[in-house]
Amino acid sequence: MSGQRRTQVVTATSAIWITGVGTCTPLGSSLQEFARNLLAGQSAIRRVDRFDVSEHPSQIAGQLHPVPCPAEDDPSQFAQRHRLEQLARWCCLSALRDAGLEGERDKRRIGLVLGAGAEWLLRWESDGLVNWSADWQPATPPHSLAEIQRRELGLSGPALTVSAACASGNIALAQARAWLQMGWVDYCLAGACDMTVAPCPFAAFGNLRALSRRNDSPQTASRPFDRGRDGFVMGEGGAVFVLERAEQARRRGAVPLAELAGCGAASDAYHPVIPNPDPLPAATAMRRALADARICPEEVGYINAHATGTPVGDVCETRVLQTVFGETLLRIPVSSTKSMTGHLVTAAAAVEALACIIALREQTLPPTINLDDPDPECNLCHIPHQARPQRFRIAVSNSFGFGGSNTCVVLRAA
């Protein structure tokens, strides 16, 4: 029909590139700042100063400085937004700008897949700490974080919230990739944001005895794979990416950050918070990601582990890696960037995918800091203390969420 827009036919094998990123983490609020501090092995863990932690067992976290106000926003109005909303807006706008799409929002089908956990709880808590003024009625819930971004950014593609705990960012990337391969969107924003350095999450994870209690030494508290680890350290922040088909990116002269080459997921539902001692479900997620990327285990040049620094979790993940890679594992460098940022919970997978992209771009592997005494049960090719130059083309990032949401993504130099 004359004037009717034709849907582009896309094959399932179309390469999907990441061409833009927006981020705000305890290590920086831009790609450049985050990369510099990450590869310098800087710890962002400090004593919490935004609320009273005197009665909390863990009193340390990776906190954000005030979220930067986008250039197009009025600072006074931006300051009135909830901090989680500020974070999502900064990351989405920064990603579009980085990809050269800030002027294309009303001309292209741009989708949004945003990982967000406990957003209603965080808003309820923020209001309660002030004056309990909000009227929360189940029949008239407030708009979701993803819907707010879709509406305010003027995006015409589909929008979706993903809530799969620590795996949310990887699932968001996988969903965005699928939308592009199906031809539903021209571009897609995908990532995750979280602001769980707050009283209720602190109390919940503290009561679970999941958090490190090294309050007298914040910067050395997050110790993945170390024999002296005593729990994870809370963190907050986010990362949002622009994904598009490689052929389209080439036509418009976009510079790729990396290719999202493979995605894998599997669920085990073993326990709400305790990792499954059986490595097979998480190993299945990794094997699916490698198969999706059409690579064999020997081609992997770096693994960003989920490793949070809990006594049980790090050993369980080591067994997963041994199941997938066998003897090859001892030749593949592995690190946990949570040692520097803390555990960003819902946003962890997105920020760790960004760490892999930085490693690919700089050909330098980020370290696991505070790894003074490696646990013999975590027998891996560690990168302790300092970043390591490394020529490689393929990085793998694991994120295993509470409740058994096991995910893995494969990123390839584009």
# chains A, B, ... in the order shown; residues from 1 in each chain; ligands from 1
>>> residues_around(residues="range 201-216 of chain A", least_positions_apart="5", cutoff="9 Å", atoms="only C-alpha atoms", output="VMD selection string")
chain A and resid 46 to 47 53 56 to 60 122 196 221 to 222 229 to 234 273 309 to 310
>>> write_last_selection(atoms="N, CA and C atoms", output="short mmCIF file (atom, residue, chain, number, x, y, z; two decimals), in the first residue's frame")
data_model
loop_
_atom_site.label_atom_id
_atom_site.label_comp_id
_atom_site.auth_asym_id
_atom_site.auth_seq_id
_atom_site.Cartn_x
_atom_site.Cartn_y
_atom_site.Cartn_z
N ARG A 46 32.41 2.99 50.97
CA ARG A 46 32.59 3.95 52.07
C ARG A 46 31.52 3.69 53.14
N ARG A 47 31.64 4.36 54.27
CA ARG A 47 30.60 4.30 55.28
C ARG A 47 29.37 5.05 54.75
N VAL A 53 22.91 4.57 60.05
CA VAL A 53 23.19 3.13 59.97
C VAL A 53 23.70 2.58 61.30
N HIS A 56 22.44 -0.79 62.17
CA HIS A 56 22.53 -1.82 61.14
C HIS A 56 23.81 -2.62 61.32
N PRO A 57 23.78 -3.92 61.12
CA PRO A 57 25.00 -4.72 61.26
C PRO A 57 26.06 -4.37 60.21
N SER A 58 25.62 -4.04 59.01
CA SER A 58 26.55 -3.58 57.97
C SER A 58 26.31 -2.08 57.75
N GLN A 59 27.38 -1.31 57.75
CA GLN A 59 27.24 0.14 57.72
C GLN A 59 28.01 0.77 56.56
N ILE A 60 28.31 -0.05 55.55
CA ILE A 60 29.14 0.39 54.43
C ILE A 60 28.45 0.05 53.11
N LEU A 122 10.89 1.30 47.20
CA LEU A 122 11.81 2.41 47.38
C LEU A 122 11.07 3.74 47.39
N THR A 196 19.36 0.59 45.98
CA THR A 196 19.04 -0.19 47.17
C THR A 196 19.88 0.16 48.39
N ALA A 221 36.40 -4.41 52.34
CA ALA A 221 35.32 -5.28 52.80
C ALA A 221 34.81 -6.22 51.71
N SER A 222 34.75 -5.79 50.47
CA SER A 222 34.25 -6.62 49.39
C SER A 222 35.39 -7.49 48.88
N ARG A 229 36.47 -13.65 53.08
CA ARG A 229 35.23 -12.97 52.72
C ARG A 229 34.14 -13.28 53.75
N ASP A 230 33.28 -12.29 54.01
CA ASP A 230 32.24 -12.50 55.02
C ASP A 230 30.88 -11.99 54.55
N GLY A 231 30.69 -11.82 53.25
CA GLY A 231 29.42 -11.33 52.73
C GLY A 231 29.64 -10.24 51.71
N PHE A 232 28.56 -9.89 51.01
CA PHE A 232 28.70 -8.85 49.99
C PHE A 232 28.46 -7.47 50.56
N VAL A 233 28.83 -6.47 49.78
CA VAL A 233 28.66 -5.06 50.15
C VAL A 233 27.63 -4.47 49.20
N MET A 234 26.64 -3.77 49.74
CA MET A 234 25.60 -3.17 48.90
C MET A 234 26.19 -2.08 48.01
N VAL A 273 17.21 -17.32 48.41
CA VAL A 273 18.46 -16.55 48.49
C VAL A 273 19.72 -17.40 48.47
N GLY A 309 31.13 -12.35 46.97
CA GLY A 309 31.90 -12.29 48.20
C GLY A 309 31.23 -13.01 49.35
N THR A 310 30.22 -13.83 49.07
CA THR A 310 29.63 -14.64 50.13
C THR A 310 30.38 -15.97 50.20
#
>>> residues_around(residues="Thr19 in chain A", least_positions_apart="4", cutoff="7 Å", atoms="only C-alpha atoms", output="PyMOL selection string")
chain A and resi 99+242-243+254-257
>>> closest_residue(among="A:Glu119, A:Asp49, A:Glu125, A:Glu244", to="Leu101 in chain A", atoms="only C-alpha atoms")
A:Glu244
>>> closest_residue(among="A:Leu64, A:Val315, A:Ile383, A:Val334", to="Asn370 in chain A", atoms="only C-alpha atoms")
A:Ile383
>>> select_by_dssp(residues="range 198-355 of chain A", states="strand (DSSP E)", output="list in words")
Met234, Gly235, Gly237, Gly238, Ala239, Val240, Phe241, Val242, Leu243, Glu244, Arg245, Ala258, Glu259, Leu260, Ala261, Gly262, Cys263, Gly264, Ala265, Ala266, Ser267, Tyr302, Ile303, Asn304, Pro333, Val334 and Ser335 of chain A
>>> residues_around(residues="Gly62 in chain A", least_positions_apart="4", cutoff="12 Å", atoms="only C-alpha atoms", output="PyMOL selection string")
chain A and resi 24-28+42-50+194-198+218-219+221-222+232-237+338-345
>>> write_last_selection(atoms="C-alpha atoms", output="PDB file, in the first residue's frame")
ATOM      1  CA  CYS A  24      26.164   6.243  36.794  1.00  0.00           C
ATOM      2  CA  THR A  25      27.936   4.058  39.350  1.00  0.00           C
ATOM      3  CA  PRO A  26      29.942   4.495  42.539  1.00  0.00           C
ATOM      4  CA  LEU A  27      33.032   4.520  40.281  1.00  0.00           C
ATOM      5  CA  GLY A  28      31.811   7.285  37.956  1.00  0.00           C
ATOM      6  CA  GLN A  42      39.750   1.802  42.915  1.00  0.00           C
ATOM      7  CA  SER A  43      37.348   0.862  45.688  1.00  0.00           C
ATOM      8  CA  ALA A  44      34.135   2.892  45.898  1.00  0.00           C
ATOM      9  CA  ILE A  45      33.071   1.432  49.244  1.00  0.00           C
ATOM     10  CA  ARG A  46      32.591   3.948  52.074  1.00  0.00           C
ATOM     11  CA  ARG A  47      30.596   4.300  55.278  1.00  0.00           C
ATOM     12  CA  VAL A  48      26.973   5.100  54.487  1.00  0.00           C
ATOM     13  CA  ASP A  49      26.251   8.770  55.152  1.00  0.00           C
ATOM     14  CA  ARG A  50      22.811   9.267  53.597  1.00  0.00           C
ATOM     15  CA  ASP A 194      18.879   0.248  41.292  1.00  0.00           C
ATOM     16  CA  MET A 195      19.049   2.410  44.410  1.00  0.00           C
ATOM     17  CA  THR A 196      19.043  -0.190  47.165  1.00  0.00           C
ATOM     18  CA  VAL A 197      21.389   1.665  49.512  1.00  0.00           C
ATOM     19  CA  ALA A 198      18.374   2.564  51.632  1.00  0.00           C
ATOM     20  CA  PRO A 218      35.160  -0.300  54.108  1.00  0.00           C
ATOM     21  CA  GLN A 219      37.516  -0.334  51.142  1.00  0.00           C
ATOM     22  CA  ALA A 221      35.317  -5.285  52.796  1.00  0.00           C
ATOM     23  CA  SER A 222      34.246  -6.623  49.391  1.00  0.00           C
ATOM     24  CA  PHE A 232      28.702  -8.854  49.987  1.00  0.00           C
ATOM     25  CA  VAL A 233      28.656  -5.061  50.146  1.00  0.00           C
ATOM     26  CA  MET A 234      25.601  -3.175  48.902  1.00  0.00           C
ATOM     27  CA  GLY A 235      25.975  -0.839  45.943  1.00  0.00           C
ATOM     28  CA  GLU A 236      23.764   1.343  43.751  1.00  0.00           C
ATOM     29  CA  GLY A 237      23.819   2.683  40.227  1.00  0.00           C
ATOM     30  CA  LYS A 338      31.957  -6.242  42.711  1.00  0.00           C
ATOM     31  CA  SER A 339      35.147  -5.979  44.750  1.00  0.00           C
ATOM     32  CA  MET A 340      35.229  -2.318  43.661  1.00  0.00           C
ATOM     33  CA  THR A 341      31.613  -1.275  43.092  1.00  0.00           C
ATOM     34  CA  GLY A 342      29.839  -3.434  45.637  1.00  0.00           C
ATOM     35  CA  HIS A 343      26.839  -5.520  44.608  1.00  0.00           C
ATOM     36  CA  LEU A 344      24.427  -3.332  42.616  1.00  0.00           C
ATOM     37  CA  VAL A 345      21.698  -5.997  42.943  1.00  0.00           C
TER      38      VAL A 345
END
>>> residues_around(residues="Glu102 in chain A", least_positions_apart="3", cutoff="12 Å", atoms="only C-alpha atoms", output="NGL selection string")
:A and (20 or 71-72 or 92-99 or 105-108 or 110 or 153-155 or 242)
>>> write_last_selection(atoms="C-alpha atoms", output="compact mmCIF listing (two decimals), in the first residue's frame")
# COMPACT_ATOMS: atom_id res chain seq x y z
CA GLY A 20 25.90 3.75 23.07
CA ALA A 71 21.87 19.24 30.16
CA GLU A 72 18.32 19.43 28.78
CA CYS A 92 18.78 6.66 29.11
CA LEU A 93 19.52 10.18 27.87
CA SER A 94 23.28 9.63 28.10
CA ALA A 95 23.01 6.39 26.12
CA LEU A 96 20.98 8.03 23.34
CA ARG A 97 23.45 10.91 23.16
CA ASP A 98 26.43 8.55 23.12
CA ALA A 99 24.88 6.65 20.21
CA ARG A 105 13.66 9.83 19.18
CA ASP A 106 10.56 10.89 17.25
CA LYS A 107 11.77 9.46 13.92
CA ARG A 108 12.68 5.88 14.80
CA ILE A 110 13.06 2.92 19.80
CA LEU A 153 11.61 10.39 26.07
CA GLY A 154 8.87 10.06 23.46
CA LEU A 155 9.79 6.50 22.51
CA VAL A 242 21.72 1.34 22.90
>>> closest_residue(among="A:Ser397, A:Ser335, A:Gln390, A:Asn37", to="Cys356 in chain A", atoms="only C-alpha atoms")
A:Ser397
>>> select_by_dssp(residues="range 238-324 of chain A", states="alpha helix (DSSP H)", output="mmCIF file with C-alpha atoms, in the first residue's frame")
data_model
loop_
_atom_site.group_PDB
_atom_site.id
_atom_site.type_symbol
_atom_site.label_atom_id
_atom_site.label_comp_id
_atom_site.auth_asym_id
_atom_site.auth_seq_id
_atom_site.Cartn_x
_atom_site.Cartn_y
_atom_site.Cartn_z
ATOM 1 C CA ALA A 246 25.101 -4.139 12.753
ATOM 2 C CA GLU A 247 24.089 -3.394 9.157
ATOM 3 C CA GLN A 248 22.081 -0.370 10.265
ATOM 4 C CA ALA A 249 24.889 0.878 12.476
ATOM 5 C CA ARG A 250 27.317 0.631 9.558
ATOM 6 C CA ARG A 251 24.995 2.608 7.296
ATOM 7 C CA LEU A 280 24.056 -27.829 36.369
ATOM 8 C CA PRO A 281 21.295 -25.147 36.151
ATOM 9 C CA ALA A 282 23.738 -22.210 36.084
ATOM 10 C CA ALA A 283 26.086 -24.176 33.824
ATOM 11 C CA THR A 284 23.155 -24.667 31.452
ATOM 12 C CA ALA A 285 22.722 -20.884 31.201
ATOM 13 C CA MET A 286 26.404 -20.484 30.341
ATOM 14 C CA ARG A 287 26.360 -23.286 27.780
ATOM 15 C CA ARG A 288 23.293 -21.788 26.095
ATOM 16 C CA ALA A 289 25.037 -18.417 25.849
ATOM 17 C CA LEU A 290 28.166 -19.965 24.315
ATOM 18 C CA ALA A 291 26.067 -21.984 21.865
ATOM 19 C CA ASP A 292 24.039 -18.893 20.968
ATOM 20 C CA PRO A 311 31.239 -17.791 51.556
ATOM 21 C CA VAL A 312 28.799 -20.133 49.780
ATOM 22 C CA GLY A 313 28.128 -18.261 46.532
ATOM 23 C CA ASP A 314 31.704 -17.924 45.294
ATOM 24 C CA VAL A 315 32.404 -21.632 45.752
ATOM 25 C CA CYS A 316 29.166 -22.539 43.962
ATOM 26 C CA GLU A 317 30.066 -20.361 40.983
ATOM 27 C CA THR A 318 33.546 -21.871 40.827
ATOM 28 C CA ARG A 319 31.917 -25.282 40.456
ATOM 29 C CA VAL A 320 29.699 -23.905 37.694
ATOM 30 C CA LEU A 321 32.742 -22.598 35.811
ATOM 31 C CA GLN A 322 34.561 -25.914 36.273
ATOM 32 C CA THR A 323 31.544 -27.769 34.905
ATOM 33 C CA VAL A 324 31.417 -25.591 31.769
#
>>> residues_around(residues="range 173-188 of chain A", least_positions_apart="6", cutoff="10 Å", atoms="only C-alpha atoms", output="PyMOL selection string")
chain A and resi 7-19+96+101+105+108-115+155-160+162+240-245+248-249+260-265+349-350+353+407-409
>>> atom_distance(atom1="CA of Leu354 in chain A", atom2="CA of Pro333 in chain A")
17.1 Å
>>> closest_residue(among="A:Pro277, A:Gln386, A:Arg391, A:Pro66", to="His82 in chain A", atoms="only C-alpha atoms")
A:Pro66
